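Data from run-v5.cif: mmCIF, C-alpha atoms
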```cif
data_structure
loop_
_atom_site.label_atom_id
_atom_site.label_comp_id
_atom_site.auth_asym_id
_atom_site.auth_seq_id
_atom_site.Cartn_x
_atom_site.Cartn_y
_atom_site.Cartn_z
CA MET A 1 11.47 20.64 17.02
CA THR A 2 8.41 21.81 15.03
CA ARG A 3 7.27 19.96 11.95
CA PHE A 4 8.43 22.91 9.80
CA THR A 5 11.94 23.04 11.24
CA TRP A 6 12.29 19.21 11.01
CA THR A 7 11.28 19.32 7.33
CA LEU A 8 13.71 22.18 6.66
CA ALA A 9 16.54 20.31 8.38
CA ALA A 10 15.80 17.12 6.47
CA THR A 11 15.66 19.02 3.17
CA SER A 12 19.00 20.69 3.90
CA ALA A 13 20.60 17.33 4.75
CA LEU A 14 19.24 15.80 1.56
CA SER A 15 20.54 18.74 -0.49
CA PHE A 16 23.98 18.33 1.06
CA PHE A 17 23.98 14.57 0.29
CA VAL A 18 22.96 15.14 -3.35
CA ALA A 19 25.58 17.89 -3.79
CA SER A 20 28.29 15.76 -2.22
CA ASN A 21 27.32 12.73 -4.30
CA ALA A 22 27.42 14.81 -7.48
CA PHE A 23 31.08 15.53 -6.90
CA ALA A 24 32.02 11.96 -5.90
CA ALA A 25 34.60 10.29 -8.10
CA THR A 26 33.35 7.59 -10.48
CA GLU A 27 34.70 4.29 -9.15
CA LEU A 28 36.24 1.81 -11.60
CA ALA A 29 36.76 -1.69 -10.24
CA TRP A 30 39.86 -3.34 -11.67
CA TRP A 31 39.88 -7.11 -11.06
CA HIS A 32 43.33 -8.65 -11.42
CA ALA A 33 45.51 -11.70 -10.66
CA MET A 34 48.80 -10.07 -9.68
CA THR A 35 50.74 -11.20 -6.61
CA GLY A 36 54.05 -10.29 -4.97
CA ALA A 37 56.05 -7.53 -6.63
CA ASN A 38 53.55 -7.30 -9.50
CA ASN A 39 50.66 -6.69 -7.07
CA GLU A 40 52.68 -3.84 -5.58
CA ALA A 41 53.01 -2.36 -9.08
CA VAL A 42 49.22 -2.60 -9.61
CA GLU A 43 48.49 -0.84 -6.31
CA GLN A 44 51.04 1.88 -7.07
CA LEU A 45 49.62 2.53 -10.54
CA ALA A 46 46.08 2.89 -9.21
CA LYS A 47 47.32 5.24 -6.45
CA GLU A 48 49.20 7.45 -8.91
CA PHE A 49 46.28 7.65 -11.33
CA ASN A 50 43.82 8.46 -8.56
CA GLU A 51 46.09 11.21 -7.23
CA SER A 52 46.57 12.68 -10.71
CA GLN A 53 42.91 13.70 -11.04
CA SER A 54 39.67 13.77 -9.01
CA GLU A 55 36.97 12.56 -11.43
CA TYR A 56 37.74 8.82 -11.33
CA LYS A 57 38.95 6.31 -8.76
CA VAL A 58 40.45 3.00 -9.90
CA VAL A 59 39.96 0.31 -7.24
CA PRO A 60 42.20 -2.77 -7.70
CA VAL A 61 40.70 -6.04 -6.46
CA TYR A 62 42.74 -9.27 -6.37
CA LYS A 63 40.65 -12.18 -7.66
CA GLY A 64 43.05 -15.11 -7.38
CA SER A 65 45.06 -16.83 -10.09
CA TYR A 66 44.65 -16.05 -13.77
CA PRO A 67 42.04 -18.81 -14.33
CA GLU A 68 40.22 -17.83 -11.12
CA ALA A 69 40.07 -14.16 -12.15
CA LEU A 70 38.69 -15.11 -15.58
CA ASN A 71 36.00 -17.32 -14.04
CA ALA A 72 35.10 -14.60 -11.51
CA GLY A 73 34.71 -12.04 -14.31
CA ILE A 74 32.47 -14.33 -16.37
CA ALA A 75 30.28 -15.11 -13.35
CA ALA A 76 30.02 -11.41 -12.46
CA PHE A 77 28.97 -10.50 -15.99
CA ARG A 78 26.23 -13.14 -15.95
CA ALA A 79 25.03 -11.74 -12.62
CA LYS A 80 25.11 -8.21 -14.12
CA GLN A 81 27.77 -7.17 -11.59
CA ALA A 82 30.80 -7.06 -13.86
CA PRO A 83 33.78 -4.88 -12.94
CA ALA A 84 34.82 -2.02 -15.20
CA ILE A 85 38.15 -3.69 -16.06
CA LEU A 86 39.13 -7.36 -15.98
CA GLN A 87 42.69 -8.62 -16.33
CA VAL A 88 42.62 -11.76 -18.52
CA PHE A 89 45.63 -13.98 -19.18
CA ASP A 90 46.67 -14.79 -22.73
CA ALA A 91 44.95 -18.20 -22.69
CA GLY A 92 41.63 -16.50 -21.95
CA SER A 93 41.72 -14.28 -25.05
CA GLY A 94 39.82 -16.82 -27.15
CA VAL A 95 37.20 -17.14 -24.42
CA MET A 96 36.70 -13.37 -24.36
CA LEU A 97 36.57 -13.17 -28.15
CA GLY A 98 33.84 -15.79 -28.13
CA ALA A 99 31.72 -13.72 -25.72
CA GLU A 100 30.20 -11.50 -28.40
CA GLY A 101 28.37 -8.51 -27.01
CA ALA A 102 29.91 -8.90 -23.56
CA MET A 103 32.98 -6.79 -24.25
CA MET A 104 33.70 -3.29 -25.54
CA PRO A 105 36.79 -3.21 -27.81
CA VAL A 106 39.49 -1.04 -26.25
CA ALA A 107 39.83 0.92 -29.49
CA ASP A 108 36.16 1.98 -29.04
CA VAL A 109 36.66 2.74 -25.35
CA LEU A 110 39.57 5.04 -26.14
CA GLN A 111 37.49 6.77 -28.80
CA LYS A 112 34.68 7.37 -26.28
CA GLY A 113 37.24 9.08 -24.07
CA GLY A 114 38.40 11.34 -26.86
CA TYR A 115 41.56 9.40 -27.71
CA GLU A 116 42.54 7.85 -31.02
CA PHE A 117 43.96 4.34 -31.10
CA LYS A 118 47.10 4.26 -33.24
CA LYS A 119 48.30 0.75 -33.91
CA ASP A 120 51.82 1.88 -34.84
CA ASP A 121 52.34 3.31 -31.34
CA TYR A 122 52.48 -0.22 -29.86
CA LEU A 123 54.93 -3.12 -30.19
CA PRO A 124 53.75 -5.02 -33.30
CA GLY A 125 53.81 -8.53 -31.86
CA ILE A 126 51.81 -7.51 -28.82
CA VAL A 127 49.12 -5.43 -30.49
CA ALA A 128 48.60 -8.08 -33.20
CA TYR A 129 47.95 -10.76 -30.59
CA TYR A 130 45.20 -8.73 -28.93
CA SER A 131 43.54 -7.39 -32.11
CA LYS A 132 41.01 -8.43 -34.71
CA PRO A 133 42.30 -9.37 -38.18
CA ASP A 134 41.41 -5.82 -39.31
CA GLY A 135 43.75 -4.38 -36.67
CA THR A 136 41.12 -3.20 -34.16
CA MET A 137 42.60 -3.63 -30.67
CA LEU A 138 40.24 -5.61 -28.45
CA SER A 139 42.04 -5.36 -25.10
CA PHE A 140 44.77 -3.24 -23.57
CA PRO A 141 48.11 -5.15 -23.35
CA PHE A 142 48.88 -4.33 -19.74
CA ASN A 143 51.49 -6.94 -18.76
CA SER A 144 52.84 -8.70 -21.82
CA SER A 145 55.73 -11.07 -21.36
CA SER A 146 57.97 -13.50 -23.20
CA PRO A 147 59.42 -16.72 -21.75
CA ILE A 148 63.16 -16.61 -21.11
CA LEU A 149 65.80 -18.66 -19.31
CA TYR A 150 67.04 -17.75 -15.84
CA TYR A 151 70.06 -19.46 -14.32
CA ASN A 152 71.85 -19.47 -10.98
CA LYS A 153 75.38 -18.15 -11.58
CA ASP A 154 76.73 -19.54 -8.31
CA ALA A 155 75.49 -23.04 -9.14
CA PHE A 156 76.98 -22.79 -12.63
CA GLN A 157 80.40 -21.93 -11.17
CA LYS A 158 80.24 -24.78 -8.65
CA ALA A 159 79.38 -27.23 -11.46
CA GLY A 160 82.29 -26.01 -13.61
CA LEU A 161 79.99 -24.32 -16.14
CA ASP A 162 80.52 -20.89 -17.70
CA ALA A 163 78.46 -18.53 -15.54
CA GLU A 164 78.54 -15.84 -18.24
CA ASN A 165 77.43 -18.12 -21.08
CA PRO A 166 74.01 -19.71 -20.50
CA PRO A 167 72.95 -22.72 -22.63
CA LYS A 168 71.29 -21.77 -25.91
CA THR A 169 69.80 -25.05 -27.17
CA TRP A 170 67.67 -27.62 -25.37
CA PRO A 171 70.35 -30.35 -25.55
CA GLU A 172 72.77 -27.88 -23.90
CA VAL A 173 70.20 -27.17 -21.15
CA PHE A 174 69.73 -30.88 -20.46
CA GLU A 175 73.52 -31.47 -20.35
CA ALA A 176 74.07 -28.52 -17.99
CA ALA A 177 71.22 -29.73 -15.75
CA ARG A 178 72.87 -33.16 -15.44
CA LYS A 179 76.24 -31.63 -14.53
CA ILE A 180 74.63 -29.45 -11.88
CA LYS A 181 72.80 -32.41 -10.35
CA THR A 182 75.71 -34.88 -10.42
CA SER A 183 78.22 -32.32 -9.10
CA GLY A 184 75.98 -31.42 -6.16
CA ALA A 185 75.96 -27.73 -7.17
CA ALA A 186 72.17 -27.82 -6.67
CA ASN A 187 69.65 -30.51 -5.77
CA CYS A 188 67.86 -29.99 -9.08
CA GLY A 189 69.25 -28.98 -12.43
CA PHE A 190 66.23 -27.65 -14.29
CA THR A 191 62.60 -26.68 -13.75
CA SER A 192 59.97 -24.77 -15.69
CA THR A 193 56.84 -22.81 -14.97
CA TRP A 194 53.82 -22.99 -17.31
CA LEU A 195 54.66 -26.20 -19.23
CA THR A 196 51.76 -25.59 -21.62
CA TRP A 197 52.60 -21.98 -22.44
CA ILE A 198 56.39 -22.35 -22.54
CA GLN A 199 56.98 -25.96 -23.62
CA THR A 200 54.15 -26.28 -26.18
CA GLU A 201 52.77 -22.91 -27.34
CA ASN A 202 56.02 -20.94 -27.32
CA PHE A 203 58.00 -24.07 -28.16
CA ALA A 204 56.01 -24.19 -31.42
CA ALA A 205 56.56 -20.53 -32.26
CA TRP A 206 60.25 -20.38 -31.26
CA ASN A 207 61.06 -23.58 -33.21
CA ASN A 208 58.73 -22.64 -36.09
CA VAL A 209 56.69 -25.84 -35.94
CA PRO A 210 52.86 -26.00 -35.89
CA TYR A 211 50.98 -26.14 -32.60
CA GLY A 212 47.75 -26.82 -34.43
CA THR A 213 45.95 -26.46 -37.73
CA ASN A 214 44.33 -23.26 -39.01
CA GLU A 215 47.40 -21.22 -38.03
CA ASN A 216 47.08 -22.42 -34.44
CA GLY A 217 43.50 -21.16 -34.33
CA LEU A 218 44.07 -17.64 -35.63
CA ALA A 219 42.64 -18.53 -39.05
CA GLY A 220 39.62 -20.51 -37.85
CA LEU A 221 37.93 -22.07 -34.83
CA ASP A 222 38.19 -25.69 -36.02
CA VAL A 223 41.65 -26.68 -34.77
CA GLN A 224 43.42 -30.03 -34.57
CA LEU A 225 46.49 -29.99 -32.31
CA LYS A 226 49.85 -31.08 -33.73
CA ILE A 227 51.89 -31.36 -30.54
CA ASP A 228 52.23 -35.13 -30.90
CA ASP A 229 54.67 -34.64 -33.79
CA PRO A 230 58.23 -36.08 -33.43
CA LEU A 231 60.01 -32.94 -32.16
CA TYR A 232 57.55 -32.56 -29.26
CA ILE A 233 57.87 -36.24 -28.37
CA GLN A 234 61.68 -35.98 -28.38
CA HIS A 235 61.55 -32.87 -26.20
CA PHE A 236 59.12 -34.16 -23.60
CA GLN A 237 60.78 -37.57 -23.40
CA SER A 238 64.03 -35.79 -22.56
CA ILE A 239 62.27 -33.94 -19.73
CA ALA A 240 60.62 -37.17 -18.53
CA ASP A 241 64.02 -38.91 -18.46
CA LEU A 242 65.53 -36.05 -16.42
CA SER A 243 62.69 -36.22 -13.92
CA LYS A 244 63.46 -39.85 -13.01
CA ASP A 245 66.39 -38.90 -10.74
CA GLY A 246 65.22 -35.38 -9.88
CA THR A 247 67.43 -33.59 -12.41
CA PHE A 248 64.16 -32.03 -13.62
CA ARG A 249 61.76 -31.01 -10.85
CA TYR A 250 58.09 -30.31 -11.55
CA GLY A 251 56.72 -27.35 -9.61
CA GLY A 252 53.13 -27.04 -10.77
CA ARG A 253 50.88 -25.97 -13.62
CA THR A 254 51.42 -22.20 -13.46
CA SER A 255 54.24 -20.19 -11.85
CA GLU A 256 54.93 -22.38 -8.79
CA ALA A 257 58.31 -23.60 -10.08
CA LYS A 258 59.69 -20.08 -9.71
CA GLN A 259 59.99 -20.74 -5.96
CA LEU A 260 62.23 -23.74 -6.67
CA PHE A 261 64.61 -21.44 -8.49
CA MET A 262 64.51 -18.54 -6.03
CA SER A 263 65.21 -20.89 -3.11
CA GLY A 264 68.30 -22.26 -4.86
CA GLU A 265 66.79 -25.74 -5.15
CA CYS A 266 66.88 -25.72 -8.98
CA ALA A 267 69.62 -23.95 -10.96
CA ILE A 268 67.93 -23.42 -14.35
CA LEU A 269 64.43 -22.05 -14.86
CA THR A 270 62.37 -21.28 -17.96
CA GLU A 271 59.81 -18.69 -16.87
CA SER A 272 58.03 -15.53 -17.96
CA SER A 273 60.05 -12.34 -18.21
CA GLY A 274 57.35 -11.02 -15.88
CA GLY A 275 58.77 -13.16 -13.08
CA LEU A 276 61.82 -10.92 -12.90
CA GLY A 277 60.52 -8.68 -10.11
CA ASP A 278 60.27 -11.52 -7.60
CA ILE A 279 63.60 -13.03 -8.72
CA VAL A 280 65.36 -9.69 -8.16
CA LYS A 281 63.77 -9.37 -4.71
CA SER A 282 64.93 -12.88 -3.79
CA GLY A 283 68.55 -11.72 -3.91
CA ILE A 284 69.73 -14.74 -5.89
CA ASN A 285 72.80 -14.30 -8.13
CA TYR A 286 71.03 -14.88 -11.43
CA GLY A 287 71.65 -14.50 -15.14
CA VAL A 288 69.30 -14.32 -18.11
CA GLY A 289 69.43 -16.12 -21.45
CA GLN A 290 67.15 -16.54 -24.41
CA LEU A 291 64.57 -19.31 -24.56
CA PRO A 292 66.33 -22.51 -25.71
CA TYR A 293 65.57 -24.03 -29.13
CA TYR A 294 66.52 -27.00 -31.32
CA GLU A 295 69.16 -26.55 -34.02
CA GLY A 296 67.63 -26.67 -37.48
CA HIS A 297 64.29 -25.37 -36.24
CA GLY A 298 64.72 -22.13 -34.30
CA PRO A 299 65.01 -19.54 -33.21
CA GLN A 300 62.00 -17.88 -34.87
CA ASN A 301 59.98 -15.57 -32.60
CA THR A 302 58.19 -15.97 -29.29
CA ILE A 303 54.54 -15.09 -28.66
CA PRO A 304 53.15 -12.90 -25.88
CA GLY A 305 52.13 -14.21 -22.51
CA GLY A 306 51.05 -12.32 -19.46
CA ALA A 307 47.68 -10.64 -19.63
CA SER A 308 45.65 -7.79 -21.07
CA LEU A 309 42.86 -5.59 -19.73
CA TRP A 310 39.36 -6.16 -21.10
CA VAL A 311 36.41 -3.79 -20.72
CA PHE A 312 32.86 -5.02 -20.26
CA ALA A 313 29.95 -3.74 -22.33
CA GLY A 314 26.97 -2.05 -20.72
CA LYS A 315 28.86 0.53 -18.67
CA SER A 316 27.97 4.23 -18.44
CA ASP A 317 29.57 6.93 -20.57
CA ALA A 318 31.25 8.29 -17.43
CA GLU A 319 32.81 4.90 -16.72
CA TYR A 320 34.05 4.50 -20.30
CA LYS A 321 35.57 7.98 -20.21
CA GLY A 322 37.31 7.10 -16.93
CA ILE A 323 38.63 3.81 -18.32
CA ALA A 324 39.93 5.64 -21.39
CA GLU A 325 41.72 8.12 -19.13
CA PHE A 326 43.26 5.27 -17.14
CA PHE A 327 44.47 3.46 -20.27
CA HIS A 328 45.88 6.73 -21.57
CA PHE A 329 47.70 7.09 -18.24
CA LEU A 330 49.07 3.53 -18.52
CA SER A 331 50.31 4.29 -22.05
CA ARG A 332 52.45 7.22 -20.90
CA THR A 333 56.08 6.68 -21.83
CA ASP A 334 57.38 7.29 -18.30
CA ILE A 335 54.88 4.81 -16.83
CA GLN A 336 55.69 2.11 -19.39
CA VAL A 337 59.43 2.60 -18.96
CA ARG A 338 59.17 2.20 -15.20
CA LEU A 339 56.88 -0.84 -15.41
CA HIS A 340 59.25 -2.51 -17.87
CA GLU A 341 62.35 -1.82 -15.80
CA VAL A 342 60.81 -2.86 -12.48
CA SER A 343 58.68 -5.85 -13.46
CA GLY A 344 60.36 -7.46 -16.46
CA TYR A 345 57.16 -7.20 -18.49
CA LEU A 346 57.57 -5.74 -21.96
CA PRO A 347 56.96 -2.06 -22.66
CA VAL A 348 53.77 -2.01 -24.74
CA THR A 349 54.62 1.14 -26.69
CA MET A 350 57.44 1.73 -29.15
CA ALA A 351 58.16 5.08 -27.48
CA ALA A 352 58.79 3.39 -24.12
CA TYR A 353 61.05 0.78 -25.71
CA GLU A 354 63.06 3.44 -27.55
CA GLU A 355 63.33 5.58 -24.40
CA THR A 356 64.56 2.61 -22.35
CA LYS A 357 67.13 1.80 -25.02
CA LYS A 358 68.29 5.41 -25.27
CA SER A 359 68.75 5.67 -21.51
CA GLY A 360 71.37 2.92 -21.56
CA PHE A 361 69.30 0.63 -19.33
CA TYR A 362 69.98 -2.45 -21.47
CA ASP A 363 73.72 -1.76 -21.49
CA LYS A 364 73.72 -1.61 -17.69
CA ASN A 365 71.40 -4.62 -17.34
CA PRO A 366 72.50 -7.36 -19.77
CA GLY A 367 69.74 -9.72 -20.80
CA ARG A 368 66.86 -7.36 -20.06
CA GLU A 369 66.28 -6.67 -23.75
CA THR A 370 66.22 -10.41 -24.52
CA PRO A 371 62.42 -10.93 -24.29
CA ILE A 372 61.77 -8.01 -26.65
CA GLN A 373 64.38 -9.17 -29.14
CA GLN A 374 62.89 -12.66 -29.07
CA MET A 375 59.45 -11.35 -29.99
CA MET A 376 60.53 -8.77 -32.56
CA GLY A 377 63.58 -10.45 -34.11
CA LYS A 378 61.78 -12.05 -37.04
CA ALA A 379 58.46 -11.56 -38.82
CA PRO A 380 55.94 -14.14 -37.56
CA THR A 381 55.12 -17.21 -39.65
CA GLU A 382 51.89 -19.22 -39.69
CA ASN A 383 53.41 -21.23 -36.84
CA SER A 384 54.47 -18.27 -34.71
CA LYS A 385 51.68 -15.66 -34.76
CA GLY A 386 50.19 -17.05 -31.59
CA VAL A 387 47.66 -19.59 -30.31
CA ARG A 388 43.96 -18.79 -30.07
CA LEU A 389 41.44 -21.44 -29.04
CA VAL A 390 37.90 -20.80 -27.79
CA ASN A 391 38.68 -23.06 -24.80
CA LEU A 392 42.45 -22.76 -24.38
CA PRO A 393 42.29 -22.84 -20.55
CA GLN A 394 40.46 -26.19 -20.77
CA VAL A 395 42.95 -27.51 -23.33
CA ARG A 396 45.83 -26.51 -21.05
CA ASP A 397 44.22 -28.44 -18.18
CA ILE A 398 43.89 -31.54 -20.38
CA LEU A 399 47.53 -31.36 -21.43
CA ASN A 400 48.71 -30.66 -17.88
CA GLU A 401 47.03 -33.87 -16.70
CA GLU A 402 48.96 -35.82 -19.32
CA PHE A 403 52.26 -34.10 -18.48
CA GLU A 404 51.77 -34.89 -14.79
CA ALA A 405 51.10 -38.57 -15.57
CA MET A 406 54.24 -38.64 -17.73
CA LEU A 407 56.40 -37.03 -15.03
CA ALA A 408 55.02 -39.50 -12.49
CA GLY A 409 56.30 -42.32 -14.68
CA GLN A 410 52.83 -43.59 -15.57
CA LYS A 411 53.34 -43.23 -19.35
CA ASP A 412 56.03 -42.17 -21.80
CA ALA A 413 56.02 -38.90 -23.75
CA LYS A 414 54.54 -40.42 -26.91
CA ALA A 415 51.57 -41.89 -25.06
CA ALA A 416 51.02 -38.72 -23.02
CA LEU A 417 51.09 -36.42 -26.04
CA THR A 418 48.98 -38.75 -28.20
CA GLU A 419 46.28 -39.04 -25.56
CA GLY A 420 46.49 -35.33 -24.75
CA VAL A 421 45.96 -34.38 -28.39
CA GLN A 422 42.99 -36.76 -28.76
CA LYS A 423 41.27 -35.40 -25.65
CA ALA A 424 42.05 -31.78 -26.53
CA ASN A 425 40.75 -32.15 -30.09
CA ALA A 426 37.49 -33.63 -28.78
CA ALA A 427 37.13 -30.74 -26.31
CA ILE A 428 37.73 -28.15 -29.06
CA ALA A 429 35.15 -29.82 -31.33
CA ALA A 430 32.60 -29.82 -28.51
CA ALA A 431 33.30 -26.17 -27.69
CA ILE A 432 32.58 -25.03 -31.24
CA GLY A 433 29.53 -27.29 -31.54
CA LYS A 434 31.03 -29.57 -34.15
#
```
Here is a file; write its structure as structure tokens.
Amino acid sequence: MTRFTWTLAATSALSFFVASNAFAATELAWWHAMTGANNEAVEQLAKEFNESQSEYKVVPVYKGSYPEALNAGIAAFRAKQAPAILQVFDAGSGVMLGAEGAMMPVADVLQKGGYEFKKDDYLPGIVAYYSKPDGTMLSFPFNSSSPILYYNKDAFQKAGLDAENPPKTWPEVFEAARKIKTSGAANCGFTSTWLTWIQTENFAAWNNVPYGTNENGLAGLDVQLKIDDPLYIQHFQSIADLSKDGTFRYGGRTSEAKQLFMSGECAILTESSGGLGDIVKSGINYGVGQLPYYEGHGPQNTIPGGASLWVFAGKSDAEYKGIAEFFHFLSRTDIQVRLHEVSGYLPVTMAAYEETKKSGFYDKNPGRETPIQQMMGKAPTENSKGVRLVNLPQVRDILNEEFEAMLAGQKDAKAALTEGVQKANAAIAAAIGK
């Protein structure tokens, strides 16, 4: 080959590469923490979006548990290798809010893509939790959930309990759990996932008692926890007493206890509505009830759990336009309806909720509207707007250590909660530089 023909061939190859690269889809990495049936939903959503157009390609990447995904995202941002989209669980919202300049508010992202953010299009309780006080939405509420009660209908029948009438108050739950255990209907009467989220944060909102000062952190960063008040001590001592003979079984700090329910080991479970997909797949004969409360205190309203999608700052205009298109796709009524019906997570738009209701889905599936009704039933109070701490994941770890010591019989509920509050308050003060 002559020098001329080699140069011509090389130039042609380079031209082909540049032309091909110009038409390549803009890739958008989506780091998430979904497993099981919910991971399948994530993969399906990305596939459908990618097939619906050719300009952008969403690439889902599993990054471990919720805390692990949050830590991975923070580390990637510091290394200037942040993904386009990061799924962050509710406890990480305060951490993300504290990272000024690191994030692009979703309302701004949508605007860059030519879409207008309309607050009234979304479920009020959800959008308020993920917004600034002025109403600007900071993250996209992808998989919002509410804690509910699941129960094993077969075990209820064996124990002589009404399988169509789940317990409504905590004393009723504890009584039913004892009957199930003593009758041999199941080896364990009651278990719970996420003790911190369900039994403290949502316990406060649902029973309309304070979790902490400064409206649980929504009105200011300087927060003193209040979960060592008498109602909490009563509640956790009851759980500690049940754990002595295995009537209550501890599964772990996050969603591990769900396996105890799906296997039939435990007959009553308090868990996220987002756990429904795996429970349905397990084939267990289950029922759904509202989150239990204490007479004279609740029920008030629950607060969102699950996670939202945050967008990092410093991305290109093409990436922001692609993210806006993806969020617009996720907001479609048909997509939200399907996600809600399949996963148990809440529909994030009012249109999807109304469409689901109109279709008769809730009539055919009793209990599936329960998590939405819990969140929207009453206007939030200062105690029930939510919990927002700059270091909530750390505070949850502190409290979990105390709960585990209590359940191991090393201390009673009063000592565990008193020490947990003291340690958590010190950690909050250190985090805000006080």
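Proximity ranking of A:Leu291, A:Ala427, A:Leu309, A:Ala79 relative to Lys168 of chain A places A:Leu291 first, based on all atoms listed in the file.
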- request: List the residues selected by the PyMOL selection byres ((chain A and resi 238-243) around 8) in the file shown, writing them as a list in words.
  value: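 For this structure, the PyMOL selection byres ((chain A and resi 238-243) around 8) resolves to Phe174, Arg178, Gln234, His235, Phe236, Gln237, Lys244, Asp245, Gly246, Thr247, Phe248, Arg249, Tyr250, Met406, Leu407, Gly409, Asp412 and Ala413 of chain A.
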May I have the residues from that selection written out with C-alpha atoms, as an mmCIF file, in the frame of the given file?
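Produced file result.cif, reproduced below:
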```cif
data_model
loop_
_atom_site.group_PDB
_atom_site.id
_atom_site.type_symbol
_atom_site.label_atom_id
_atom_site.label_comp_id
_atom_site.auth_asym_id
_atom_site.auth_seq_id
_atom_site.Cartn_x
_atom_site.Cartn_y
_atom_site.Cartn_z
ATOM 1 C CA PHE A 174 69.730 -30.880 -20.460
ATOM 2 C CA ARG A 178 72.870 -33.160 -15.440
ATOM 3 C CA GLN A 234 61.680 -35.980 -28.380
ATOM 4 C CA HIS A 235 61.550 -32.870 -26.200
ATOM 5 C CA PHE A 236 59.120 -34.160 -23.600
ATOM 6 C CA GLN A 237 60.780 -37.570 -23.400
ATOM 7 C CA LYS A 244 63.460 -39.850 -13.010
ATOM 8 C CA ASP A 245 66.390 -38.900 -10.740
ATOM 9 C CA GLY A 246 65.220 -35.380 -9.880
ATOM 10 C CA THR A 247 67.430 -33.590 -12.410
ATOM 11 C CA PHE A 248 64.160 -32.030 -13.620
ATOM 12 C CA ARG A 249 61.760 -31.010 -10.850
ATOM 13 C CA TYR A 250 58.090 -30.310 -11.550
ATOM 14 C CA MET A 406 54.240 -38.640 -17.730
ATOM 15 C CA LEU A 407 56.400 -37.030 -15.030
ATOM 16 C CA GLY A 409 56.300 -42.320 -14.680
ATOM 17 C CA ASP A 412 56.030 -42.170 -21.800
ATOM 18 C CA ALA A 413 56.020 -38.900 -23.750
#
```
message: On this structure, the PyMOL selection byres ((chain A and resi 385-393) around 7) would catch which residues? List them as a VMD selection string, sorted by chain and number.
response: chain A and resid 91 to 92 94 to 95 98 129 201 216 to 218 221 303 380 to 384 394 to 397 428 431
- prompt: Please, what distance in Å, to one decimal, runs between atom CA of Phe326 of chain A and atom CA of Phe49 of chain A?
  reply: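 A separation of 7.0 Å between them.
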What residues have an atom no more than 10 Å from (49.0, -6.9, -11.5) in the file's own frame, counting all atoms listed in the file, and can you write them as an mmCIF file with C-alpha atoms, keeping the file's coordinate frame?
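Written output follows (part.cif):
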```cif
data_model
loop_
_atom_site.group_PDB
_atom_site.id
_atom_site.type_symbol
_atom_site.label_atom_id
_atom_site.label_comp_id
_atom_site.auth_asym_id
_atom_site.auth_seq_id
_atom_site.Cartn_x
_atom_site.Cartn_y
_atom_site.Cartn_z
ATOM 1 C CA TRP A 30 39.860 -3.340 -11.670
ATOM 2 C CA TRP A 31 39.880 -7.110 -11.060
ATOM 3 C CA HIS A 32 43.330 -8.650 -11.420
ATOM 4 C CA ALA A 33 45.510 -11.700 -10.660
ATOM 5 C CA MET A 34 48.800 -10.070 -9.680
ATOM 6 C CA THR A 35 50.740 -11.200 -6.610
ATOM 7 C CA GLY A 36 54.050 -10.290 -4.970
ATOM 8 C CA ALA A 37 56.050 -7.530 -6.630
ATOM 9 C CA ASN A 38 53.550 -7.300 -9.500
ATOM 10 C CA ASN A 39 50.660 -6.690 -7.070
ATOM 11 C CA GLU A 40 52.680 -3.840 -5.580
ATOM 12 C CA ALA A 41 53.010 -2.360 -9.080
ATOM 13 C CA VAL A 42 49.220 -2.600 -9.610
ATOM 14 C CA GLU A 43 48.490 -0.840 -6.310
ATOM 15 C CA LEU A 45 49.620 2.530 -10.540
ATOM 16 C CA PRO A 60 42.200 -2.770 -7.700
ATOM 17 C CA VAL A 61 40.700 -6.040 -6.460
ATOM 18 C CA TYR A 62 42.740 -9.270 -6.370
ATOM 19 C CA GLN A 87 42.690 -8.620 -16.330
ATOM 20 C CA PHE A 142 48.880 -4.330 -19.740
ATOM 21 C CA ASN A 143 51.490 -6.940 -18.760
ATOM 22 C CA GLY A 306 51.050 -12.320 -19.460
ATOM 23 C CA ALA A 307 47.680 -10.640 -19.630
ATOM 24 C CA SER A 343 58.680 -5.850 -13.460
#
```
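Interatomic distance, atom CA of Gly160 of chain A to atom CA of Leu260 of chain A: 21.3 Å.
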task: To verify the selection step, state as a PyMOL selection string which residues the PyMOL selection byres ((chain A and resi 113) around 7) yields on this input.
output: chain A and resi 109-112+114-115+320-321+324-325
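In this model, the gap between atom CA of Lys132 of chain A and atom CA of Leu97 of chain A comes to 9.2 Å.
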- prompt: Excluding same-chain residues fewer than 4 positions from segment 365-378 of chain A, what lies within 10 Å of it counting only C-alpha atoms, as a PyMOL selection string?
  reply: chain A and resi 123-126+145-150+205-206+272-274+276+287-291+299-304+340-341+344-347+353+356-357+360-361+384
Which residue of A:Leu417, A:Ala424, A:Ala29, A:Ala159 approaches Ile233 of chain A most closely, using all atoms listed in the file: A:Leu417
message: Using only C-alpha atoms for the distances, tell me which of A:Leu225, A:Phe329, A:Tyr362, A:Glu402 is nearest to Glu48 of chain A.
response: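 Using only C-alpha atoms, the shortest distance to Glu48 of chain A belongs to A:Phe329.
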message: Residues proximal to (72.0, -29.9, -12.1) were defined as those with any atom within 10 Å of that point in the file's coordinates, counting all atoms listed in the file. Which are they, as a ChimeraX atom specification?
response: /A:155-156,159,173-190,242,246-248,265-268
query: Which residue out of A:Ala99, A:Ala313, A:Val421, A:Val88 has the minimum interatomic distance to Ser144 of chain A when all atoms listed in the file are used?
result: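 Ranked by minimum distance to Ser144 of chain A, first place goes to A:Val88.
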message: Ranking A:Pro171, A:Gly283, A:Gly314, A:Pro166 by minimum distance to Leu269 of chain A and counting all atoms listed in the file, which one comes first?
response: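 Under the stated criterion, the closest residue is A:Pro166.
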